[in-house]
$ cat model00.cif   # mmCIF, C-alpha atoms
data_query
loop_
_atom_site.group_PDB
_atom_site.id
_atom_site.type_symbol
_atom_site.label_atom_id
_atom_site.label_comp_id
_atom_site.auth_asym_id
_atom_site.auth_seq_id
_atom_site.Cartn_x
_atom_site.Cartn_y
_atom_site.Cartn_z
ATOM 1 C CA MET A 177 -14.614 -9.955 7.094
ATOM 2 C CA PRO A 178 -11.492 -8.284 8.535
ATOM 3 C CA PRO A 179 -11.700 -7.162 12.166
ATOM 4 C CA HIS A 180 -13.242 -3.790 12.934
ATOM 5 C CA ASN A 181 -9.924 -2.197 13.856
ATOM 6 C CA LEU A 182 -8.455 -2.735 10.365
ATOM 7 C CA ASN A 183 -11.256 -1.117 8.345
ATOM 8 C CA VAL A 184 -10.865 2.495 7.182
ATOM 9 C CA PHE A 185 -13.828 4.408 5.749
ATOM 10 C CA ILE A 186 -12.936 6.575 2.742
ATOM 11 C CA ASN A 187 -15.198 9.592 2.266
ATOM 12 C CA CYS A 188 -13.970 11.669 -0.647
ATOM 13 C CA PRO A 189 -14.920 12.896 -4.124
ATOM 14 C CA PHE A 190 -15.072 10.297 -6.875
ATOM 15 C CA ASP A 191 -14.802 12.604 -9.871
ATOM 16 C CA LYS A 192 -12.177 12.243 -12.593
ATOM 17 C CA GLU A 193 -10.025 15.109 -11.309
ATOM 18 C CA TYR A 194 -9.732 13.478 -7.886
ATOM 19 C CA ILE A 195 -8.596 10.060 -9.185
ATOM 20 C CA PRO A 196 -4.847 10.589 -8.437
ATOM 21 C CA PHE A 197 -5.705 11.506 -4.829
ATOM 22 C CA PHE A 198 -8.155 8.627 -4.439
ATOM 23 C CA ASP A 199 -5.544 6.181 -5.773
ATOM 24 C CA ALA A 200 -2.982 7.550 -3.302
ATOM 25 C CA ILE A 201 -5.443 7.093 -0.423
ATOM 26 C CA LEU A 202 -6.138 3.470 -1.416
ATOM 27 C CA PHE A 203 -2.442 2.671 -1.696
ATOM 28 C CA THR A 204 -1.493 4.350 1.589
ATOM 29 C CA VAL A 205 -4.217 2.595 3.575
ATOM 30 C CA TYR A 206 -3.150 -0.801 2.198
ATOM 31 C CA LYS A 207 0.550 -0.062 2.670
ATOM 32 C CA CYS A 208 -0.131 0.741 6.334
ATOM 33 C CA GLY A 209 -1.719 -2.694 6.797
ATOM 34 C CA PHE A 210 -5.362 -1.556 6.843
ATOM 35 C CA ARG A 211 -8.323 -2.174 4.565
ATOM 36 C CA PRO A 212 -10.019 0.731 2.754
ATOM 37 C CA ARG A 213 -13.818 0.710 2.662
ATOM 38 C CA CYS A 214 -16.161 2.854 0.580
ATOM 39 C CA ALA A 215 -19.540 2.649 -1.134
ATOM 40 C CA TYR A 216 -17.864 1.632 -4.405
ATOM 41 C CA GLU A 217 -17.002 -1.805 -3.045
ATOM 42 C CA PHE A 218 -20.592 -2.999 -3.609
ATOM 43 C CA ASP A 219 -22.222 -3.668 -6.962
ATOM 44 C CA ASP A 220 -25.694 -4.428 -5.641
ATOM 45 C CA GLY A 221 -27.996 -1.969 -7.385
ATOM 46 C CA GLY A 222 -30.911 -3.080 -5.228
ATOM 47 C CA GLN A 223 -29.329 -1.910 -1.984
ATOM 48 C CA VAL A 224 -30.039 1.639 -0.841
ATOM 49 C CA ARG A 225 -26.823 3.660 -0.924
ATOM 50 C CA ILE A 226 -27.310 5.259 2.496
ATOM 51 C CA GLU A 227 -27.754 1.820 4.046
ATOM 52 C CA LYS A 228 -24.472 0.679 2.500
ATOM 53 C CA ILE A 229 -22.674 3.743 3.824
ATOM 54 C CA ASN A 230 -24.123 3.323 7.326
ATOM 55 C CA ARG A 231 -23.036 -0.310 7.436
ATOM 56 C CA ILE A 232 -19.515 0.501 6.262
ATOM 57 C CA ILE A 233 -19.195 3.299 8.826
ATOM 58 C CA GLU A 234 -20.316 0.898 11.551
ATOM 59 C CA GLU A 235 -17.577 -1.579 10.578
ATOM 60 C CA CYS A 236 -14.712 0.944 10.473
ATOM 61 C CA CYS A 237 -12.393 2.121 13.223
ATOM 62 C CA CYS A 238 -11.171 5.125 11.279
ATOM 63 C CA GLY A 239 -12.591 7.511 8.718
ATOM 64 C CA ILE A 240 -10.728 9.589 6.116
ATOM 65 C CA HIS A 241 -12.914 12.538 5.112
ATOM 66 C CA ASP A 242 -11.730 14.887 2.373
ATOM 67 C CA ILE A 243 -14.107 17.851 2.184
ATOM 68 C CA SER A 244 -11.913 19.833 -0.207
ATOM 69 C CA ARG A 245 -14.320 19.543 -3.164
ATOM 70 C CA THR A 246 -17.617 21.096 -2.085
ATOM 71 C CA GLU A 247 -17.861 23.844 -4.709
ATOM 72 C CA PRO A 248 -20.913 23.939 -7.016
ATOM 73 C CA ASP A 249 -20.913 21.446 -9.835
ATOM 74 C CA LYS A 250 -19.980 23.006 -13.188
ATOM 75 C CA LYS A 251 -23.073 21.627 -14.885
ATOM 76 C CA THR A 252 -25.774 21.785 -12.215
ATOM 77 C CA LYS A 253 -24.350 24.800 -10.350
ATOM 78 C CA LEU A 254 -25.279 22.992 -7.126
ATOM 79 C CA PRO A 255 -22.859 22.293 -4.243
ATOM 80 C CA ARG A 256 -21.717 18.759 -3.447
ATOM 81 C CA PHE A 257 -22.940 17.816 0.018
ATOM 82 C CA ASN A 258 -22.029 14.112 0.027
ATOM 83 C CA MET A 259 -18.695 14.510 1.816
ATOM 84 C CA PRO A 260 -19.931 16.763 4.671
ATOM 85 C CA PHE A 261 -23.028 14.580 5.004
ATOM 86 C CA GLU A 262 -21.038 11.345 5.370
ATOM 87 C CA LEU A 263 -18.687 13.092 7.772
ATOM 88 C CA GLY A 264 -21.749 13.940 9.874
ATOM 89 C CA LEU A 265 -22.865 10.288 9.829
ATOM 90 C CA PHE A 266 -19.416 9.182 10.984
ATOM 91 C CA LEU A 267 -19.244 11.750 13.798
ATOM 92 C CA GLY A 268 -22.790 10.814 14.831
ATOM 93 C CA ALA A 269 -21.830 7.140 15.082
ATOM 94 C CA LYS A 270 -18.864 8.119 17.231
ATOM 95 C CA ARG A 271 -20.980 10.353 19.478
ATOM 96 C CA PHE A 272 -24.070 8.193 19.965
ATOM 97 C CA GLY A 273 -22.877 4.672 19.168
ATOM 98 C CA SER A 274 -21.705 1.817 21.363
ATOM 99 C CA LYS A 275 -18.395 1.739 23.199
ATOM 100 C CA LEU A 276 -16.768 0.312 20.082
ATOM 101 C CA GLN A 277 -18.216 3.102 17.936
ATOM 102 C CA LYS A 278 -17.051 5.778 20.373
ATOM 103 C CA SER A 279 -13.470 4.631 19.808
ATOM 104 C CA LYS A 280 -13.585 5.709 16.165
ATOM 105 C CA VAL A 281 -10.891 8.084 14.887
ATOM 106 C CA SER A 282 -11.522 10.570 12.094
ATOM 107 C CA LEU A 283 -9.108 12.365 9.784
ATOM 108 C CA ILE A 284 -10.742 15.434 8.243
ATOM 109 C CA LEU A 285 -8.933 16.914 5.273
ATOM 110 C CA ASP A 286 -9.281 20.161 3.357
ATOM 111 C CA ARG A 287 -7.071 21.732 0.735
ATOM 112 C CA ASP A 288 -6.388 25.003 2.602
ATOM 113 C CA PRO A 289 -6.099 25.737 6.340
ATOM 114 C CA HIS A 290 -9.330 27.060 7.870
ATOM 115 C CA ARG A 291 -11.167 27.069 4.521
ATOM 116 C CA TYR A 292 -13.808 24.742 5.971
ATOM 117 C CA GLN A 293 -14.900 27.449 8.405
ATOM 118 C CA GLN A 294 -16.539 29.277 5.509
ATOM 119 C CA PHE A 295 -19.015 26.491 4.727
ATOM 120 C CA ILE A 296 -19.100 24.069 7.688
ATOM 121 C CA SER A 297 -17.991 26.023 10.753
ATOM 122 C CA ASP A 298 -19.681 23.539 13.120
ATOM 123 C CA ILE A 299 -16.616 21.285 12.924
ATOM 124 C CA SER A 300 -14.262 24.036 14.125
ATOM 125 C CA GLY A 301 -13.448 21.970 17.204
ATOM 126 C CA GLN A 302 -12.048 19.185 15.025
ATOM 127 C CA ASP A 303 -8.372 18.991 14.088
ATOM 128 C CA VAL A 304 -8.797 19.535 10.348
ATOM 129 C CA LYS A 305 -5.643 18.903 8.296
ATOM 130 C CA SER A 306 -4.795 20.629 5.017
ATOM 131 C CA HIS A 307 -3.126 18.777 2.143
ATOM 132 C CA ASP A 308 -2.826 21.718 -0.300
ATOM 133 C CA ASN A 309 -3.814 19.404 -3.167
ATOM 134 C CA ASP A 310 -0.399 17.777 -2.707
ATOM 135 C CA ILE A 311 -0.271 13.967 -2.822
ATOM 136 C CA LYS A 312 2.873 13.932 -0.701
ATOM 137 C CA LYS A 313 1.120 15.835 2.102
ATOM 138 C CA LEU A 314 -2.005 13.714 1.687
ATOM 139 C CA ILE A 315 -0.029 10.483 2.150
ATOM 140 C CA LYS A 316 1.731 11.855 5.231
ATOM 141 C CA CYS A 317 -1.576 12.904 6.849
ATOM 142 C CA ILE A 318 -3.090 9.455 6.326
ATOM 143 C CA ARG A 319 0.037 7.584 7.366
ATOM 144 C CA ASP A 320 0.407 9.594 10.573
ATOM 145 C CA VAL A 321 -3.183 9.100 11.750
ATOM 146 C CA LEU A 322 -3.056 5.341 11.060
ATOM 147 C CA HIS A 323 0.282 5.065 12.826
ATOM 148 C CA ALA A 324 -1.173 6.901 15.841
ATOM 149 C CA LEU A 325 -3.801 4.152 16.213
ATOM 150 C CA LYS A 326 -0.963 1.853 17.397
ATOM 151 C CA ILE A 327 -2.581 -1.138 15.729
ATOM 152 C CA ASN A 328 0.253 -1.874 13.314
ATOM 153 C CA ASP A 329 3.770 -1.133 14.572
ATOM 154 C CA ALA A 330 5.377 -1.928 11.207
ATOM 155 C CA ILE A 331 4.043 1.083 9.288
ATOM 156 C CA PRO A 332 6.839 2.633 7.179
ATOM 157 C CA GLY A 333 7.574 6.346 7.051
ATOM 158 C CA PRO A 334 5.720 8.695 4.675
ATOM 159 C CA LYS A 335 8.679 8.992 2.288
ATOM 160 C CA VAL A 336 8.871 5.220 1.860
ATOM 161 C CA ILE A 337 5.147 5.042 1.193
ATOM 162 C CA LEU A 338 5.359 7.880 -1.338
ATOM 163 C CA ASP A 339 8.293 6.229 -3.124
ATOM 164 C CA ASN A 340 6.432 2.919 -3.222
ATOM 165 C CA TYR A 341 3.313 4.639 -4.534
ATOM 166 C CA MET A 342 5.227 6.359 -7.344
ATOM 167 C CA GLU A 343 6.803 3.040 -8.305
ATOM 168 C CA PHE A 344 3.403 1.371 -8.250
ATOM 169 C CA LYS A 345 1.998 4.074 -10.549
ATOM 170 C CA ALA A 346 4.936 3.558 -12.919
ATOM 171 C CA THR A 347 4.244 -0.177 -13.155
ATOM 172 C CA GLN A 348 0.438 0.129 -13.146
ATOM 173 C CA PRO A 349 0.079 0.331 -16.968
ATOM 174 C CA ASP A 350 1.952 -2.960 -17.385
ATOM 175 C CA LEU A 351 -0.072 -4.601 -14.599
ATOM 176 C CA MET A 352 -3.301 -3.448 -16.232
ATOM 177 C CA LYS A 353 -2.167 -4.646 -19.647
ATOM 178 C CA GLN A 354 -1.451 -8.084 -18.198
ATOM 179 C CA ARG A 355 -5.006 -8.251 -16.892
ATOM 180 C CA GLY A 356 -6.610 -6.732 -19.986
ATOM 181 C CA LEU A 357 -7.780 -3.589 -18.183
ATOM 182 C CA ASP A 358 -8.349 -0.119 -19.615
ATOM 183 C CA LEU A 359 -7.243 2.900 -17.603
ATOM 184 C CA ASP A 360 -10.326 4.873 -18.687
ATOM 185 C CA ASP A 361 -12.702 2.115 -17.649
ATOM 186 C CA ILE A 362 -11.303 0.497 -14.503
ATOM 187 C CA SER A 363 -13.572 -0.495 -11.624
ATOM 188 C CA TYR A 364 -12.969 0.008 -7.917
ATOM 189 C CA ALA A 365 -12.558 -3.748 -7.464
ATOM 190 C CA ASP A 366 -9.862 -3.800 -10.173
ATOM 191 C CA LYS A 367 -8.007 -0.931 -8.512
ATOM 192 C CA VAL A 368 -8.054 -2.707 -5.163
ATOM 193 C CA LEU A 369 -6.806 -5.939 -6.719
ATOM 194 C CA LEU A 370 -3.911 -4.191 -8.470
ATOM 195 C CA VAL A 371 -2.791 -2.473 -5.260
ATOM 196 C CA GLU A 372 -3.121 -5.662 -3.201
ATOM 197 C CA ARG A 373 -1.145 -7.735 -5.687
ATOM 198 C CA TRP A 374 1.620 -5.150 -6.042
ATOM 199 C CA ILE A 375 2.084 -4.741 -2.282
ATOM 200 C CA ASN A 376 1.859 -8.453 -1.529
ATOM 201 C CA PHE A 377 4.284 -9.418 -4.302
ATOM 202 C CA MET A 378 6.929 -6.799 -3.523
ATOM 203 C CA LEU A 379 9.386 -6.895 -0.636
ATOM 204 C CA LEU A 380 12.049 -4.315 0.280
ATOM 205 C CA ASP A 381 15.094 -5.024 2.395
ATOM 206 C CA LYS A 382 16.840 -2.500 4.647
ATOM 207 C CA LEU A 383 19.074 -1.319 1.807
ATOM 208 C CA GLY A 384 16.140 -0.707 -0.523
ATOM 209 C CA ALA A 385 16.567 -3.812 -2.689
ATOM 210 C CA HIS A 386 13.366 -5.042 -4.308
ATOM 211 C CA TYR A 387 12.403 -8.688 -4.022
ATOM 212 C CA ILE A 388 9.565 -10.153 -6.056
ATOM 213 C CA LEU A 389 7.490 -13.045 -4.740
ATOM 214 C CA ILE A 390 7.510 -16.072 -7.022
ATOM 215 C CA LYS A 391 4.761 -18.458 -6.086
ATOM 216 C CA GLY A 392 5.731 -22.042 -5.542
ATOM 217 C CA GLY A 393 4.235 -24.954 -7.391
ATOM 218 C CA THR A 394 4.951 -28.159 -9.293
ATOM 219 C CA PHE A 395 7.153 -28.388 -12.381
ATOM 220 C CA THR A 396 9.002 -31.045 -14.360
ATOM 221 C CA TYR A 397 12.765 -30.927 -13.835
ATOM 222 C CA SER A 398 14.341 -31.324 -17.308
ATOM 223 C CA LEU A 399 17.407 -33.257 -16.130
ATOM 224 C CA THR A 400 15.407 -36.030 -14.443
ATOM 225 C CA ASP A 401 11.944 -35.640 -16.031
ATOM 226 C CA LYS A 402 10.569 -35.927 -12.522
ATOM 227 C CA SER A 403 7.904 -33.742 -10.976
ATOM 228 C CA GLU A 404 9.344 -31.378 -8.360
ATOM 229 C CA VAL A 405 7.502 -29.270 -5.783
ATOM 230 C CA VAL A 406 9.010 -25.945 -4.718
ATOM 231 C CA THR A 407 7.871 -23.486 -2.070
ATOM 232 C CA ASP A 408 7.346 -19.751 -2.480
ATOM 233 C CA LEU A 409 10.535 -17.739 -2.823
ATOM 234 C CA TYR A 410 11.607 -14.123 -3.171
ATOM 235 C CA MET A 411 13.971 -13.234 -5.999
ATOM 236 C CA ALA A 412 15.918 -9.982 -6.269
ATOM 237 C CA LYS A 413 14.499 -7.751 -8.978
ATOM 238 C CA TYR A 414 17.972 -6.373 -9.732
ATOM 239 C CA ALA A 415 21.322 -8.107 -9.303
ATOM 240 C CA VAL A 416 22.866 -5.062 -7.601
ATOM 241 C CA THR A 417 21.024 -2.072 -6.129
ATOM 242 C CA ASN A 418 22.271 1.502 -6.353
ATOM 243 C CA SER A 419 22.692 1.584 -2.565
ATOM 244 C CA ARG A 420 24.893 -1.486 -2.502
ATOM 245 C CA TYR A 421 26.919 -0.361 -5.502
ATOM 246 C CA ARG A 422 27.514 2.999 -3.795
ATOM 247 C CA GLN A 423 28.742 1.163 -0.698
ATOM 248 C CA PHE A 424 31.153 -0.764 -2.914
ATOM 249 C CA ILE A 425 32.463 2.464 -4.506
ATOM 250 C CA ASN A 426 32.873 4.063 -1.079
ATOM 251 C CA TYR A 427 34.772 1.001 0.083
ATOM 252 C CA LEU A 428 37.182 1.182 -2.884
ATOM 253 C CA SER A 429 37.754 4.899 -2.305
ATOM 254 C CA GLY A 430 38.444 4.341 1.381
ATOM 255 C CA LYS A 431 35.314 6.171 2.553
ATOM 256 C CA GLY A 432 33.509 3.161 3.930
ATOM 257 C CA SER A 433 33.773 -0.476 4.893
ATOM 258 C CA PHE A 434 31.662 -3.509 4.119
ATOM 259 C CA ILE A 435 32.319 -4.663 7.670
ATOM 260 C CA GLU A 436 29.814 -2.034 8.798
ATOM 261 C CA VAL A 437 27.165 -3.860 6.806
ATOM 262 C CA LEU A 438 28.136 -7.505 7.182
ATOM 263 C CA SER A 439 31.478 -8.707 8.527
ATOM 264 C CA THR A 440 33.373 -11.512 6.796
ATOM 265 C CA GLU A 441 32.950 -13.795 9.801
ATOM 266 C CA ILE A 442 29.197 -13.270 9.997
ATOM 267 C CA PHE A 443 28.908 -13.846 6.236
ATOM 268 C CA ARG A 444 30.878 -17.096 6.583
ATOM 269 C CA GLN A 445 28.638 -18.273 9.421
ATOM 270 C CA LYS A 446 25.480 -17.444 7.501
ATOM 271 C CA LEU A 447 26.751 -19.219 4.394
ATOM 272 C CA LEU A 448 27.638 -22.355 6.369
ATOM 273 C CA ALA A 449 24.228 -22.319 8.056
ATOM 274 C CA LEU A 450 22.582 -22.020 4.652
ATOM 275 C CA CYS A 451 24.655 -24.907 3.347
ATOM 276 C CA LYS A 452 23.619 -27.178 6.205
ATOM 277 C CA GLN A 453 19.951 -26.385 5.652
ATOM 278 C CA ASN A 454 19.922 -26.815 1.865
ATOM 279 C CA SER A 455 22.654 -29.320 1.051
ATOM 280 C CA ARG A 456 21.997 -32.826 -0.139
ATOM 281 C CA ASP A 457 24.773 -35.409 -0.008
ATOM 282 C CA GLY A 458 27.280 -32.706 0.932
ATOM 283 C CA ILE A 459 26.477 -30.586 -2.113
ATOM 284 C CA LEU A 460 24.888 -27.128 -2.033
ATOM 285 C CA ARG A 461 22.954 -26.131 -5.144
ATOM 286 C CA LEU A 462 21.967 -22.482 -5.599
ATOM 287 C CA SER A 463 19.440 -21.944 -8.363
ATOM 288 C CA SER A 464 20.127 -19.076 -10.768
ATOM 289 C CA GLY A 465 16.443 -18.514 -11.448
ATOM 290 C CA GLY A 466 12.931 -19.104 -10.243
ATOM 291 C CA VAL A 467 10.538 -21.977 -10.693
ATOM 292 C CA GLY A 468 11.410 -24.022 -13.781
ATOM 293 C CA PHE A 469 14.992 -22.751 -14.175
ATOM 294 C CA ASP A 470 17.489 -25.565 -14.601
ATOM 295 C CA ARG A 471 20.835 -23.794 -14.308
ATOM 296 C CA ALA A 472 22.389 -23.779 -10.858
ATOM 297 C CA LEU A 473 25.587 -23.025 -8.995
ATOM 298 C CA THR A 474 26.951 -26.109 -7.236
ATOM 299 C CA PHE A 475 29.344 -26.074 -4.295
ATOM 300 C CA ARG A 476 31.057 -29.137 -2.791
ATOM 301 C CA LEU A 477 31.101 -28.776 1.036
#

$ encode --input "model00.cif" --output "structure tokens"
Amino acid sequence: MPPHNLNVFINCPFDKEYIPFFDAILFTVYKCGFRPRCAYEFDDGGQVRIEKINRIIEECCCGIHDISRTEPDKKTKLPRFNMPFELGLFLGAKRFGSKLQKSKVSLILDRDPHRYQQFISDISGQDVKSHDNDIKKLIKCIRDVLHALKINDAIPGPKVILDNYMEFKATQPDLMKQRGLDLDDISYADKVLLVERWINFMLLDKLGAHYILIKGGTFTYSLTDKSEVVTDLYMAKYAVTNSRYRQFINYLSGKGSFIEVLSTEIFRQKLLALCKQNSRDGILRLSSGGVGFDRALTFRL
């Protein structure tokens, strides 16, 4: 089990209309280097739900509580008390728990400023944030509170997280198709797996270029028919990014210089260092593809 200070309790609606917000919360928590926790992670029908929730709350350093959907249900005409109730459990653990529990941090969210005062005024002393039913604002609220914990100093800015999330959503249908999943019948565990795999297999450099992780393994090299073992490697998703192409255009028009990015001398030094590390018998071979690709660029040193 991950350490206590990486677990984040998610207390929010689970209805169909809230799915885009729930997905954004999951993605943001993972992108910030934390682990989301909620009652949906268990499939044990024999375990009492309140016991599951209490245990999860105990194991979390932070809680995200969205109380924006407390209106009466359309069918039953009864209000939904689950979110305020679980918020109360979390605040109770913080107030009466051990020293570790007292260090908990809570992010309370509502859709409009001060709306909560009309139905749960007892939390008026809390710093309740409003997201206005806007995913962009929701991501920023979550990112900022997790960054303030000072547990992970590599958390990207809210715009980067939002851009990554939108790209993830664009590729999600293909990822689901590869795994034989249906968007209308996807489990919590499947959602978590998709987010984890996308984040772990994508890498961005400082100029915004995407690199995809290609897992290493064993393959038969066609030229020698021998078994070769290769390590993990990252391959650029696109040969040239828009950012780098724009730098090239600016350079040609006299508005910029490549030296600002990487000087010729530094490039030469890096290339020579790479040659020394990867050359065999004075020859540097740069593969043009991933695992199993035979074509290569060969340089005589």

$ resolve_selection --input "model00.cif" --expression "the PyMOL selection byres ((chain A and resi 276-278) around 9)" --output "ChimeraX atom specification"
/A:180,234-237,269-275,279-281

$ closest_residue --input "model00.cif" --among "A:Cys238, A:Ile311, A:Leu283, A:Leu202" --to "Ile375 in chain A" --atoms "all atoms listed in the file"
A:Leu202

$ resolve_selection --input "model00.cif" --expression "the PyMOL selection byres ((chain A and resi 199) around 10)" --output "tab-separated table (two decimals) with C-alpha atoms, in the frame of the given file"
chain	number	residue	atom	x	y	z
A	194	TYR	CA	-9.73	13.48	-7.89
A	195	ILE	CA	-8.60	10.06	-9.18
A	196	PRO	CA	-4.85	10.59	-8.44
A	197	PHE	CA	-5.70	11.51	-4.83
A	198	PHE	CA	-8.15	8.63	-4.44
A	200	ALA	CA	-2.98	7.55	-3.30
A	201	ILE	CA	-5.44	7.09	-0.42
A	202	LEU	CA	-6.14	3.47	-1.42
A	203	PHE	CA	-2.44	2.67	-1.70
A	204	THR	CA	-1.49	4.35	1.59
A	311	ILE	CA	-0.27	13.97	-2.82
A	341	TYR	CA	3.31	4.64	-4.53
A	345	LYS	CA	2.00	4.07	-10.55
A	364	TYR	CA	-12.97	0.01	-7.92
A	367	LYS	CA	-8.01	-0.93	-8.51
A	368	VAL	CA	-8.05	-2.71	-5.16
A	371	VAL	CA	-2.79	-2.47	-5.26

$ atom_distance --input "model00.cif" --atom1 "CA of Asn418 in chain A" --atom2 "CA of Ile315 in chain A"
25.5 Å

$ resolve_selection --input "model00.cif" --expression "the PyMOL selection byres ((chain A and resi 326-335) around 7)" --output "ChimeraX atom specification"
/A:208-209,315-316,319,323-325,336-339

$ atom_distance --input "model00.cif" --atom1 "CA of His290 in chain A" --atom2 "CA of His307 in chain A"
11.8 Å

$ closest_residue --input "model00.cif" --among "A:Phe257, A:His241, A:Ile232, A:Glu372" --to "Gln302 in chain A" --atoms "all atoms listed in the file"
A:His241

$ residues_near_point --input "model00.cif" --point "(4.3, -3.0, -10.5)" --cutoff "6 Å" --atoms "only C-alpha atoms" --output "PyMOL selection string"
chain A and resi 344+347-348+374

$ write_last_selection --input "model00.cif" --atoms "C-alpha atoms" --output "PDB file, in the frame of the given file"
ATOM      1  CA  PHE A 344       3.403   1.371  -8.250  1.00  0.00           C
ATOM      2  CA  THR A 347       4.244  -0.177 -13.155  1.00  0.00           C
ATOM      3  CA  GLN A 348       0.438   0.129 -13.146  1.00  0.00           C
ATOM      4  CA  TRP A 374       1.620  -5.150  -6.042  1.00  0.00           C
TER       5      TRP A 374
END

$ atom_distance --input "model00.cif" --atom1 "CA of Glu404 in chain A" --atom2 "CA of Arg355 in chain A"
28.5 Å

$ closest_residue --input "model00.cif" --among "A:Asp242, A:Glu343, A:Asp249, A:Asp298" --to "Ser282 in chain A" --atoms "all atoms listed in the file"
A:Asp242

$ closest_residue --input "model00.cif" --among "A:Ile243, A:Leu314, A:Val405, A:Ala346" --to "Arg291 in chain A" --atoms "only C-alpha atoms"
A:Ile243

$ residues_around --input "model00.cif" --residues "Gln293 in chain A" --least-positions-apart "6" --cutoff "12 Å" --atoms "only C-alpha atoms" --output "ChimeraX atom specification"
/A:243-244,286,299-302,304

$ closest_residue --input "model00.cif" --among "A:Ala365, A:Ile296, A:Val321, A:Leu182" --to "Ala215 in chain A" --atoms "all atoms listed in the file"
A:Ala365

$ build_atoms --input "model00.cif" --residues "range 296-301 of chain A" --atoms "all heavy atoms" --output "tab-separated table (two decimals), keeping the file's coordinate frame"
chain	number	residue	atom	x	y	z
A	296	ILE	N	-18.67	25.06	6.70
A	296	ILE	CA	-19.10	24.07	7.69
A	296	ILE	C	-18.38	24.37	9.01
A	296	ILE	O	-17.61	23.57	9.53
A	296	ILE	CB	-18.82	22.62	7.18
A	296	ILE	CG1	-19.38	21.58	8.14
A	296	ILE	CG2	-17.34	22.42	6.91
A	296	ILE	CD1	-19.34	20.17	7.60
A	297	SER	N	-18.68	25.53	9.55
A	297	SER	CA	-17.99	26.02	10.75
A	297	SER	C	-18.31	25.20	11.99
A	297	SER	O	-17.60	25.29	12.99
A	297	SER	CB	-18.36	27.48	11.01
A	297	SER	OG	-19.77	27.63	11.18
A	298	ASP	N	-19.33	24.35	11.95
A	298	ASP	CA	-19.68	23.54	13.12
A	298	ASP	C	-18.60	22.54	13.50
A	298	ASP	O	-18.60	22.01	14.62
A	298	ASP	CB	-20.99	22.79	12.86
A	298	ASP	CG	-22.20	23.71	12.94
A	298	ASP	OD1	-22.03	24.85	13.40
A	298	ASP	OD2	-23.30	23.29	12.54
A	299	ILE	N	-17.67	22.25	12.59
A	299	ILE	CA	-16.62	21.28	12.92
A	299	ILE	C	-15.33	22.00	13.35
A	299	ILE	O	-14.25	21.40	13.33
A	299	ILE	CB	-16.32	20.34	11.73
A	299	ILE	CG1	-15.77	21.14	10.54
A	299	ILE	CG2	-17.55	19.55	11.34
A	299	ILE	CD1	-15.24	20.25	9.43
A	300	SER	N	-15.45	23.26	13.74
A	300	SER	CA	-14.26	24.04	14.12
A	300	SER	C	-13.49	23.40	15.27
A	300	SER	O	-12.29	23.61	15.41
A	300	SER	CB	-14.67	25.47	14.51
A	300	SER	OG	-15.20	26.14	13.39
A	301	GLY	N	-14.15	22.62	16.10
A	301	GLY	CA	-13.45	21.97	17.20
A	301	GLY	C	-12.62	20.78	16.78
A	301	GLY	O	-11.82	20.25	17.56
